[in-house]
$ cat run_38.txt   # compact mmCIF, C-alpha atoms
# COMPACT_ATOMS: atom_id res chain seq x y z
CA MET A 1 186.88 -50.90 -47.32
CA GLY A 2 183.69 -52.97 -47.67
CA ARG A 3 180.73 -52.74 -45.38
CA LEU A 4 180.63 -55.02 -42.36
CA ALA A 5 178.34 -58.02 -42.69
CA ARG A 6 175.04 -57.69 -40.87
CA VAL A 7 174.14 -60.50 -38.47
CA VAL A 8 170.95 -62.33 -39.45
CA GLU A 9 169.53 -65.03 -37.18
CA LEU A 10 167.28 -67.71 -38.65
CA TYR A 11 165.11 -69.53 -36.13
CA TYR A 12 163.84 -72.75 -37.67
CA ASP A 13 162.46 -76.24 -37.23
CA VAL A 14 162.92 -78.95 -39.87
CA LEU A 15 159.24 -79.83 -39.47
CA SER A 16 158.41 -76.59 -41.29
CA PRO A 17 158.82 -76.57 -45.10
CA TYR A 18 158.83 -72.77 -45.09
CA SER A 19 161.80 -72.92 -42.74
CA TRP A 20 163.62 -74.94 -45.39
CA LEU A 21 162.86 -72.43 -48.14
CA SER A 22 164.08 -69.46 -46.11
CA PHE A 23 167.12 -71.50 -45.00
CA GLU A 24 168.15 -72.35 -48.57
CA VAL A 25 167.66 -68.82 -49.86
CA LEU A 26 169.72 -67.32 -47.05
CA CYS A 27 172.48 -69.92 -47.35
CA ARG A 28 172.57 -69.42 -51.12
CA TYR A 29 172.82 -65.63 -51.06
CA GLN A 30 174.47 -64.81 -47.73
CA HIS A 31 177.75 -63.81 -49.39
CA VAL A 32 176.03 -61.93 -52.20
CA TRP A 33 174.03 -59.95 -49.65
CA ASN A 34 176.96 -59.63 -47.23
CA VAL A 35 175.20 -61.08 -44.19
CA ASP A 36 176.53 -63.18 -41.35
CA LEU A 37 173.94 -65.94 -41.13
CA GLN A 38 173.44 -67.46 -37.68
CA LEU A 39 171.34 -70.64 -37.58
CA ARG A 40 169.14 -71.08 -34.50
CA PRO A 41 167.42 -74.50 -34.17
CA SER A 42 164.13 -74.08 -32.31
CA TYR A 43 161.03 -76.17 -31.59
CA ILE A 44 157.92 -75.48 -33.63
CA ALA A 45 155.51 -77.21 -31.22
CA GLY A 46 156.63 -74.89 -28.41
CA ILE A 47 156.23 -71.86 -30.68
CA MET A 48 152.74 -72.92 -31.75
CA LYS A 49 151.71 -73.42 -28.13
CA ASP A 50 153.12 -70.08 -27.02
CA SER A 51 151.44 -68.15 -29.84
CA GLY A 52 148.15 -70.02 -29.84
CA ASN A 53 148.57 -70.56 -33.57
CA ARG A 54 147.26 -73.61 -35.44
CA PRO A 55 149.13 -75.53 -38.14
CA PRO A 56 147.79 -74.92 -41.68
CA ALA A 57 147.01 -78.63 -42.08
CA GLN A 58 144.34 -78.36 -39.36
CA LEU A 59 142.43 -75.80 -41.42
CA PRO A 60 141.10 -77.31 -44.68
CA ARG A 61 141.47 -74.22 -46.87
CA LYS A 62 144.93 -73.45 -45.56
CA ALA A 63 145.94 -77.07 -46.06
CA LEU A 64 144.86 -76.98 -49.70
CA TYR A 65 146.63 -73.67 -50.21
CA MET A 66 149.83 -74.98 -48.62
CA VAL A 67 150.00 -77.96 -50.99
CA ASN A 68 149.67 -75.73 -54.05
CA ASP A 69 151.90 -73.08 -52.53
CA LEU A 70 154.75 -75.51 -51.91
CA ARG A 71 154.48 -76.74 -55.49
CA ARG A 72 154.97 -73.19 -56.79
CA LEU A 73 157.75 -72.43 -54.33
CA ARG A 74 159.57 -75.64 -55.30
CA GLN A 75 159.83 -74.32 -58.83
CA HIS A 76 160.59 -70.73 -57.91
CA PHE A 77 163.35 -71.39 -55.39
CA GLN A 78 164.62 -74.64 -56.94
CA VAL A 79 164.31 -76.52 -53.64
CA PRO A 80 162.93 -80.09 -53.92
CA VAL A 81 160.21 -79.71 -51.31
CA GLN A 82 157.11 -81.90 -51.44
CA VAL A 83 154.46 -82.89 -48.92
CA PRO A 84 155.14 -86.23 -47.14
CA GLU A 85 152.82 -89.08 -48.07
CA ASP A 86 151.66 -89.67 -44.49
CA PHE A 87 151.52 -86.00 -43.63
CA PHE A 88 149.45 -86.11 -40.45
CA SER A 89 151.48 -88.91 -38.92
CA VAL A 90 154.76 -87.17 -39.75
CA VAL A 91 153.73 -83.75 -38.47
CA PHE A 92 151.27 -84.38 -35.65
CA GLU A 93 152.27 -87.78 -34.28
CA LYS A 94 156.02 -88.09 -34.80
CA GLY A 95 157.01 -84.42 -34.64
CA SER A 96 160.59 -83.16 -34.59
CA LEU A 97 161.73 -83.03 -30.96
CA SER A 98 164.57 -85.57 -31.28
CA ALA A 99 165.76 -84.03 -34.55
CA MET A 100 165.79 -80.51 -33.14
CA ARG A 101 167.59 -81.64 -29.99
CA PHE A 102 170.16 -83.29 -32.20
CA LEU A 103 170.62 -80.10 -34.23
CA THR A 104 170.92 -78.16 -30.98
CA ALA A 105 173.66 -80.54 -29.87
CA VAL A 106 175.37 -80.15 -33.25
CA CYS A 107 175.20 -76.37 -32.83
CA LEU A 108 176.87 -76.68 -29.42
CA GLU A 109 179.49 -79.31 -30.27
CA CYS A 110 180.39 -78.73 -33.95
CA PRO A 111 178.55 -75.68 -35.35
CA GLU A 112 180.40 -75.92 -38.66
CA MET A 113 178.26 -78.98 -39.46
CA LEU A 114 174.91 -77.42 -38.57
CA GLU A 115 174.00 -76.23 -42.05
CA LYS A 116 174.68 -79.56 -43.75
CA VAL A 117 173.00 -81.71 -41.10
CA SER A 118 169.94 -79.45 -41.07
CA ARG A 119 169.67 -79.74 -44.84
CA GLU A 120 169.86 -83.52 -44.78
CA LEU A 121 167.09 -83.73 -42.18
CA TRP A 122 164.91 -81.46 -44.30
CA MET A 123 165.69 -83.62 -47.32
CA ARG A 124 164.57 -86.74 -45.50
CA ILE A 125 161.21 -85.45 -44.32
CA TRP A 126 160.27 -82.95 -47.05
CA SER A 127 161.75 -84.53 -50.17
CA LEU A 128 162.57 -88.22 -49.71
CA ASN A 129 159.56 -89.09 -47.52
CA GLU A 130 161.84 -90.62 -44.87
CA ASP A 131 161.82 -90.65 -41.09
CA ILE A 132 163.64 -88.11 -38.87
CA THR A 133 162.58 -89.36 -35.45
CA GLU A 134 164.35 -92.69 -34.99
CA PRO A 135 167.98 -92.62 -33.81
CA GLN A 136 169.19 -94.47 -36.90
CA SER A 137 167.41 -92.00 -39.18
CA ILE A 138 169.15 -89.10 -37.48
CA LEU A 139 172.51 -90.85 -37.65
CA THR A 140 172.03 -91.55 -41.35
CA ALA A 141 171.32 -87.89 -42.03
CA ALA A 142 174.35 -86.79 -40.02
CA GLU A 143 176.68 -89.21 -41.80
CA LYS A 144 175.34 -88.18 -45.21
CA ALA A 145 176.11 -84.58 -44.24
CA GLY A 146 179.75 -85.57 -43.75
CA MET A 147 179.89 -86.33 -40.05
CA SER A 148 181.78 -89.44 -38.97
CA ALA A 149 179.77 -92.30 -37.50
CA GLU A 150 181.61 -91.96 -34.19
CA GLN A 151 181.01 -88.22 -33.96
CA ALA A 152 177.34 -88.56 -34.88
CA GLN A 153 176.82 -91.28 -32.29
CA GLU A 154 178.56 -89.20 -29.63
CA ILE A 155 176.37 -86.17 -30.34
CA LEU A 156 173.22 -88.28 -30.45
CA GLY A 157 174.04 -89.51 -26.96
CA LYS A 158 173.88 -85.92 -25.68
CA ILE A 159 170.38 -84.99 -26.87
CA SER A 160 168.82 -85.92 -23.52
CA THR A 161 171.28 -83.94 -21.42
CA PRO A 162 170.07 -80.87 -19.49
CA ARG A 163 172.49 -78.67 -21.45
CA VAL A 164 170.93 -79.54 -24.81
CA LYS A 165 167.35 -79.47 -23.54
CA ASN A 166 167.82 -76.08 -21.89
CA GLN A 167 169.52 -74.63 -24.96
CA LEU A 168 166.65 -75.68 -27.25
CA LYS A 169 164.16 -74.25 -24.76
CA GLU A 170 166.05 -70.94 -24.57
CA THR A 171 166.29 -70.64 -28.36
CA THR A 172 162.59 -71.41 -28.75
CA GLU A 173 161.72 -68.79 -26.13
CA ALA A 174 163.91 -66.27 -27.97
CA ALA A 175 162.00 -66.97 -31.19
CA CYS A 176 158.72 -66.45 -29.34
CA ASN A 177 159.99 -63.17 -27.92
CA TYR A 178 160.75 -61.96 -31.44
CA GLY A 179 157.12 -62.52 -32.37
CA GLU A 180 157.46 -65.93 -34.03
CA ARG A 181 154.19 -67.82 -34.34
CA SER A 182 154.68 -70.50 -37.00
CA GLY A 183 157.77 -72.36 -38.16
CA TRP A 184 160.50 -69.84 -38.88
CA ALA A 185 161.63 -66.32 -38.04
CA LEU A 186 164.32 -63.93 -39.18
CA CYS A 187 166.03 -61.53 -36.82
CA LEU A 188 168.19 -58.77 -38.26
CA GLN A 189 170.62 -57.48 -35.66
CA PRO A 190 171.06 -53.71 -36.25
CA PRO A 191 174.10 -51.71 -35.16
CA LYS A 192 172.03 -50.05 -32.44
CA PRO A 193 170.47 -51.92 -29.50
CA GLY A 194 167.31 -53.83 -30.30
CA CYS A 195 166.20 -56.27 -32.96
CA ARG A 196 164.16 -56.02 -36.12
CA SER A 197 162.47 -59.37 -36.67
CA ALA A 198 160.59 -60.82 -39.59
CA PRO A 199 158.45 -63.58 -38.08
CA GLY A 200 157.19 -66.29 -40.37
CA SER A 201 153.67 -65.91 -41.80
CA THR A 202 153.69 -62.20 -40.88
CA PRO A 203 154.26 -60.34 -44.16
CA ARG A 204 154.78 -56.62 -43.69
CA PRO A 205 154.81 -54.23 -46.63
CA SER A 206 157.63 -51.73 -46.85
CA ALA A 207 157.05 -48.01 -47.14
CA SER A 208 160.20 -47.72 -49.22
CA PRO A 209 159.90 -48.06 -53.01
CA PRO A 210 161.82 -50.94 -54.57
CA PRO A 211 165.10 -50.14 -56.34
CA PRO A 212 165.04 -50.17 -60.15
CA PRO A 213 165.68 -53.51 -61.89
CA GLY A 214 169.37 -54.28 -62.20
CA THR A 215 170.36 -52.70 -58.90
CA ARG A 216 173.66 -54.21 -57.77
CA SER A 217 173.56 -56.55 -54.80
CA GLU A 218 176.32 -54.54 -53.12
CA SER A 219 173.75 -51.84 -52.38
CA LEU A 220 171.80 -54.22 -50.15
CA PRO A 221 172.93 -52.67 -46.83
CA ASP A 222 171.16 -49.48 -47.91
CA LEU A 223 167.95 -51.50 -48.02
CA VAL A 224 168.34 -52.78 -44.48
CA ALA A 225 164.85 -51.59 -43.51
CA LEU A 226 163.34 -53.35 -46.53
CA TRP A 227 164.93 -56.71 -47.19
CA PRO A 228 163.72 -58.77 -44.18
CA TRP A 229 160.15 -57.89 -45.10
CA ALA A 230 160.85 -58.66 -48.74
CA ILE A 231 161.93 -62.16 -47.72
CA SER A 232 158.82 -62.58 -45.58
CA LEU A 233 156.56 -61.32 -48.35
CA SER A 234 158.42 -63.38 -50.90
CA LEU A 235 157.75 -66.60 -49.01
CA LEU A 236 154.26 -65.75 -47.84
CA GLY A 237 152.03 -64.33 -50.50
CA CYS A 238 153.76 -62.05 -52.99
CA ARG A 239 156.72 -64.29 -53.88
CA SER A 240 157.89 -63.78 -57.45
CA ALA A 241 156.65 -60.22 -57.86
CA VAL A 242 158.29 -58.84 -54.71
CA TRP A 243 161.40 -61.00 -54.73
CA ASP A 244 162.41 -60.45 -58.35
CA VAL A 245 161.83 -56.70 -58.19
CA VAL A 246 163.63 -56.11 -54.90
CA PHE A 247 166.43 -58.63 -55.52
CA PRO A 248 167.08 -59.40 -59.18
CA TRP A 249 169.11 -62.60 -58.83
CA PRO A 250 171.59 -63.67 -61.49
CA PRO A 251 170.51 -66.86 -63.27
CA SER A 252 173.87 -68.41 -62.43
CA LEU A 253 172.96 -68.29 -58.74
CA ARG A 254 169.49 -69.80 -59.01
CA THR A 255 170.71 -73.35 -58.70
CA SER A 256 170.37 -76.31 -56.39
CA LYS A 257 172.73 -79.22 -56.13
CA TYR A 258 169.72 -81.47 -55.65
CA LEU A 259 167.96 -80.60 -58.90
CA PRO A 260 168.90 -80.68 -62.59
CA GLN A 261 168.99 -77.30 -64.29
CA SER A 262 166.13 -77.96 -66.69
CA PRO A 263 163.14 -75.74 -65.70
CA ASN A 264 160.79 -78.69 -66.11
CA SER A 265 162.78 -80.84 -63.73
CA ALA A 266 161.72 -78.77 -60.71
CA SER A 267 158.03 -79.53 -61.04
CA THR A 268 156.38 -82.04 -58.79
CA LYS A 269 154.66 -85.13 -60.03

$ encode --input "run_38.txt" --output "structure tokens"
Amino acid sequence: MGRLARVVELYYDVLSPYSWLSFEVLCRYQHVWNVDLQLRPSYIAGIMKDSGNRPPAQLPRKALYMVNDLRRLRQHFQVPVQVPEDFFSVVFEKGSLSAMRFLTAVCLECPEMLEKVSRELWMRIWSLNEDITEPQSILTAAEKAGMSAEQAQEILGKISTPRVKNQLKETTEAACNYGERSGWALCLQPPKPGCRSAPGSTPRPSASPPPPPGTRSESLPDLVALWPWAISLSLLGCRSAVWDVVFPWPPSLRTSKYLPQSPNSASTK
């Protein structure tokens, strides 16, 4: 009898490109790693305010690092992320409140569509340089994800209801309680009471040595104390070295439906 899947919660906002990277990696490997991925739309502006953190773009050196970092991560994870042309307007003026309320409503009304709609919103803002704040932009993303026009319109009409607003607020507060201070957080639900979280931009080294190269993915549950930190480190500073040692991923799995398979095709212009 196989091991039971561990519940992993991903708190995210589509305004964060690092949220997208962690989202795609977890969606891609959730069955390989035997995890039950639970998507939790939250609001990055509320998290930033609660933590007192500042966006990287407001700090010149961090902003420069982020641009180069995303270029490397685009190639490594095969996710077509690139910085929007009008970055400050997109991030600081328009924001993501309507989009995240819509995803919250999707989570409440038709959770089976949450992954696809989230991905299409990320694609619009972080790959296609398109809007995610106007109602028609959100409807376009939802329909491209496979939602009917009628269903998308019905859900959009609920984003201003107390139920949706309160749910987004509660999820954001939960992310803050787990220690989140940027744009994404992982929460691994252990069998015993409590929660081990891996908040974004908080890399934590593991005291456990990495398994030898070639270790089978089925042994992942034995690394339960290690792998959330490996993901955090992988996305935030040690990337290729940590990720490829801890989780040697088969080449057949390192794919993206949005990109051709040529290694050169993943580079940004």

$ atom_distance --input "run_38.txt" --atom1 "atom CA of A:Glu170" --atom2 "atom CA of A:Ile125"
25.0 Å

$ atom_distance --input "run_38.txt" --atom1 "atom CA of A:Leu59" --atom2 "atom CA of A:Gly46"
19.3 Å

$ atom_distance --input "run_38.txt" --atom1 "atom CA of A:Glu143" --atom2 "atom CA of A:Phe88"
27.4 Å

$ closest_atom_pairs --input "run_38.txt" --of "stretch 126-146 of chain A" --to "stretch 110-116 of chain A" --cutoff "10 Å" --atoms "all atoms listed in the file" --output "JSON lines"
{"residue": "A:Ala141", "atom": "CA", "partner": "A:Lys116", "partner_atom": "CA", "distance": 9.1}
{"residue": "A:Ala142", "atom": "CA", "partner": "A:Lys116", "partner_atom": "CA", "distance": 8.1}
{"residue": "A:Lys144", "atom": "CA", "partner": "A:Lys116", "partner_atom": "CA", "distance": 8.8}
{"residue": "A:Ala145", "atom": "CA", "partner": "A:Lys116", "partner_atom": "CA", "distance": 5.2}
{"residue": "A:Gly146", "atom": "CA", "partner": "A:Lys116", "partner_atom": "CA", "distance": 7.9}

$ residues_around --input "run_38.txt" --residues "A:Val164" --least-positions-apart "6" --cutoff "10 Å" --atoms "all atoms listed in the file" --output "NGL selection string"
:A and (100-108 or 158 or 170)

$ residues_around --input "run_38.txt" --residues "A:Pro55" --least-positions-apart "5" --cutoff "12 Å" --atoms "all atoms listed in the file" --output "CSV table (one decimal) with C-alpha atoms, in the frame of the given file"
chain,number,residue,atom,x,y,z
A,15,LEU,CA,159.2,-79.8,-39.5
A,16,SER,CA,158.4,-76.6,-41.3
A,17,PRO,CA,158.8,-76.6,-45.1
A,44,ILE,CA,157.9,-75.5,-33.6
A,45,ALA,CA,155.5,-77.2,-31.2
A,47,ILE,CA,156.2,-71.9,-30.7
A,48,MET,CA,152.7,-72.9,-31.8
A,49,LYS,CA,151.7,-73.4,-28.1
A,60,PRO,CA,141.1,-77.3,-44.7
A,61,ARG,CA,141.5,-74.2,-46.9
A,62,LYS,CA,144.9,-73.4,-45.6
A,63,ALA,CA,145.9,-77.1,-46.1
A,66,MET,CA,149.8,-75.0,-48.6
A,88,PHE,CA,149.4,-86.1,-40.4
A,91,VAL,CA,153.7,-83.8,-38.5
A,92,PHE,CA,151.3,-84.4,-35.6
A,181,ARG,CA,154.2,-67.8,-34.3
A,182,SER,CA,154.7,-70.5,-37.0
A,183,GLY,CA,157.8,-72.4,-38.2
A,201,SER,CA,153.7,-65.9,-41.8

$ residues_near_point --input "run_38.txt" --point "(152.2, -83.9, -51.4)" --cutoff "10 Å" --atoms "all atoms listed in the file" --output "ChimeraX atom specification"
/A:66-68,70-71,81-87,126-127,129,268-269

$ residues_near_point --input "run_38.txt" --point "(162.4, -83.9, -32.9)" --cutoff "9 Å" --atoms "only C-alpha atoms" --output "PDB file with C-alpha atoms, in the coordinates of the input"
ATOM      1  CA  ASP A  13     162.460 -76.240 -37.230  1.00  0.00           C
ATOM      2  CA  VAL A  14     162.920 -78.950 -39.870  1.00  0.00           C
ATOM      3  CA  LEU A  15     159.240 -79.830 -39.470  1.00  0.00           C
ATOM      4  CA  TYR A  43     161.030 -76.170 -31.590  1.00  0.00           C
ATOM      5  CA  LYS A  94     156.020 -88.090 -34.800  1.00  0.00           C
ATOM      6  CA  GLY A  95     157.010 -84.420 -34.640  1.00  0.00           C
ATOM      7  CA  SER A  96     160.590 -83.160 -34.590  1.00  0.00           C
ATOM      8  CA  LEU A  97     161.730 -83.030 -30.960  1.00  0.00           C
ATOM      9  CA  SER A  98     164.570 -85.570 -31.280  1.00  0.00           C
ATOM     10  CA  ALA A  99     165.760 -84.030 -34.550  1.00  0.00           C
ATOM     11  CA  MET A 100     165.790 -80.510 -33.140  1.00  0.00           C
ATOM     12  CA  ARG A 101     167.590 -81.640 -29.990  1.00  0.00           C
ATOM     13  CA  PHE A 102     170.160 -83.290 -32.200  1.00  0.00           C
ATOM     14  CA  ILE A 132     163.640 -88.110 -38.870  1.00  0.00           C
ATOM     15  CA  THR A 133     162.580 -89.360 -35.450  1.00  0.00           C
TER      16      THR A 133
END

$ residues_around --input "run_38.txt" --residues "A:Ala5" --least-positions-apart "3" --cutoff "7 Å" --atoms "only C-alpha atoms" --output "PyMOL selection string"
chain A and resi 34-36

$ closest_residue --input "run_38.txt" --among "A:Leu39, A:Val7, A:Ala149, A:Ile155" --to "A:Thr171" --atoms "all atoms listed in the file"
A:Leu39

$ axis_aligned_box --input "run_38.txt" --around "stretch 8-23 of chain A" --padding-each-side "5 Å" --output "JSON"
{"center_x": 164.7, "center_y": -71.1, "center_z": -42.1, "size_x": 22.5, "size_y": 27.5, "size_z": 22.0}
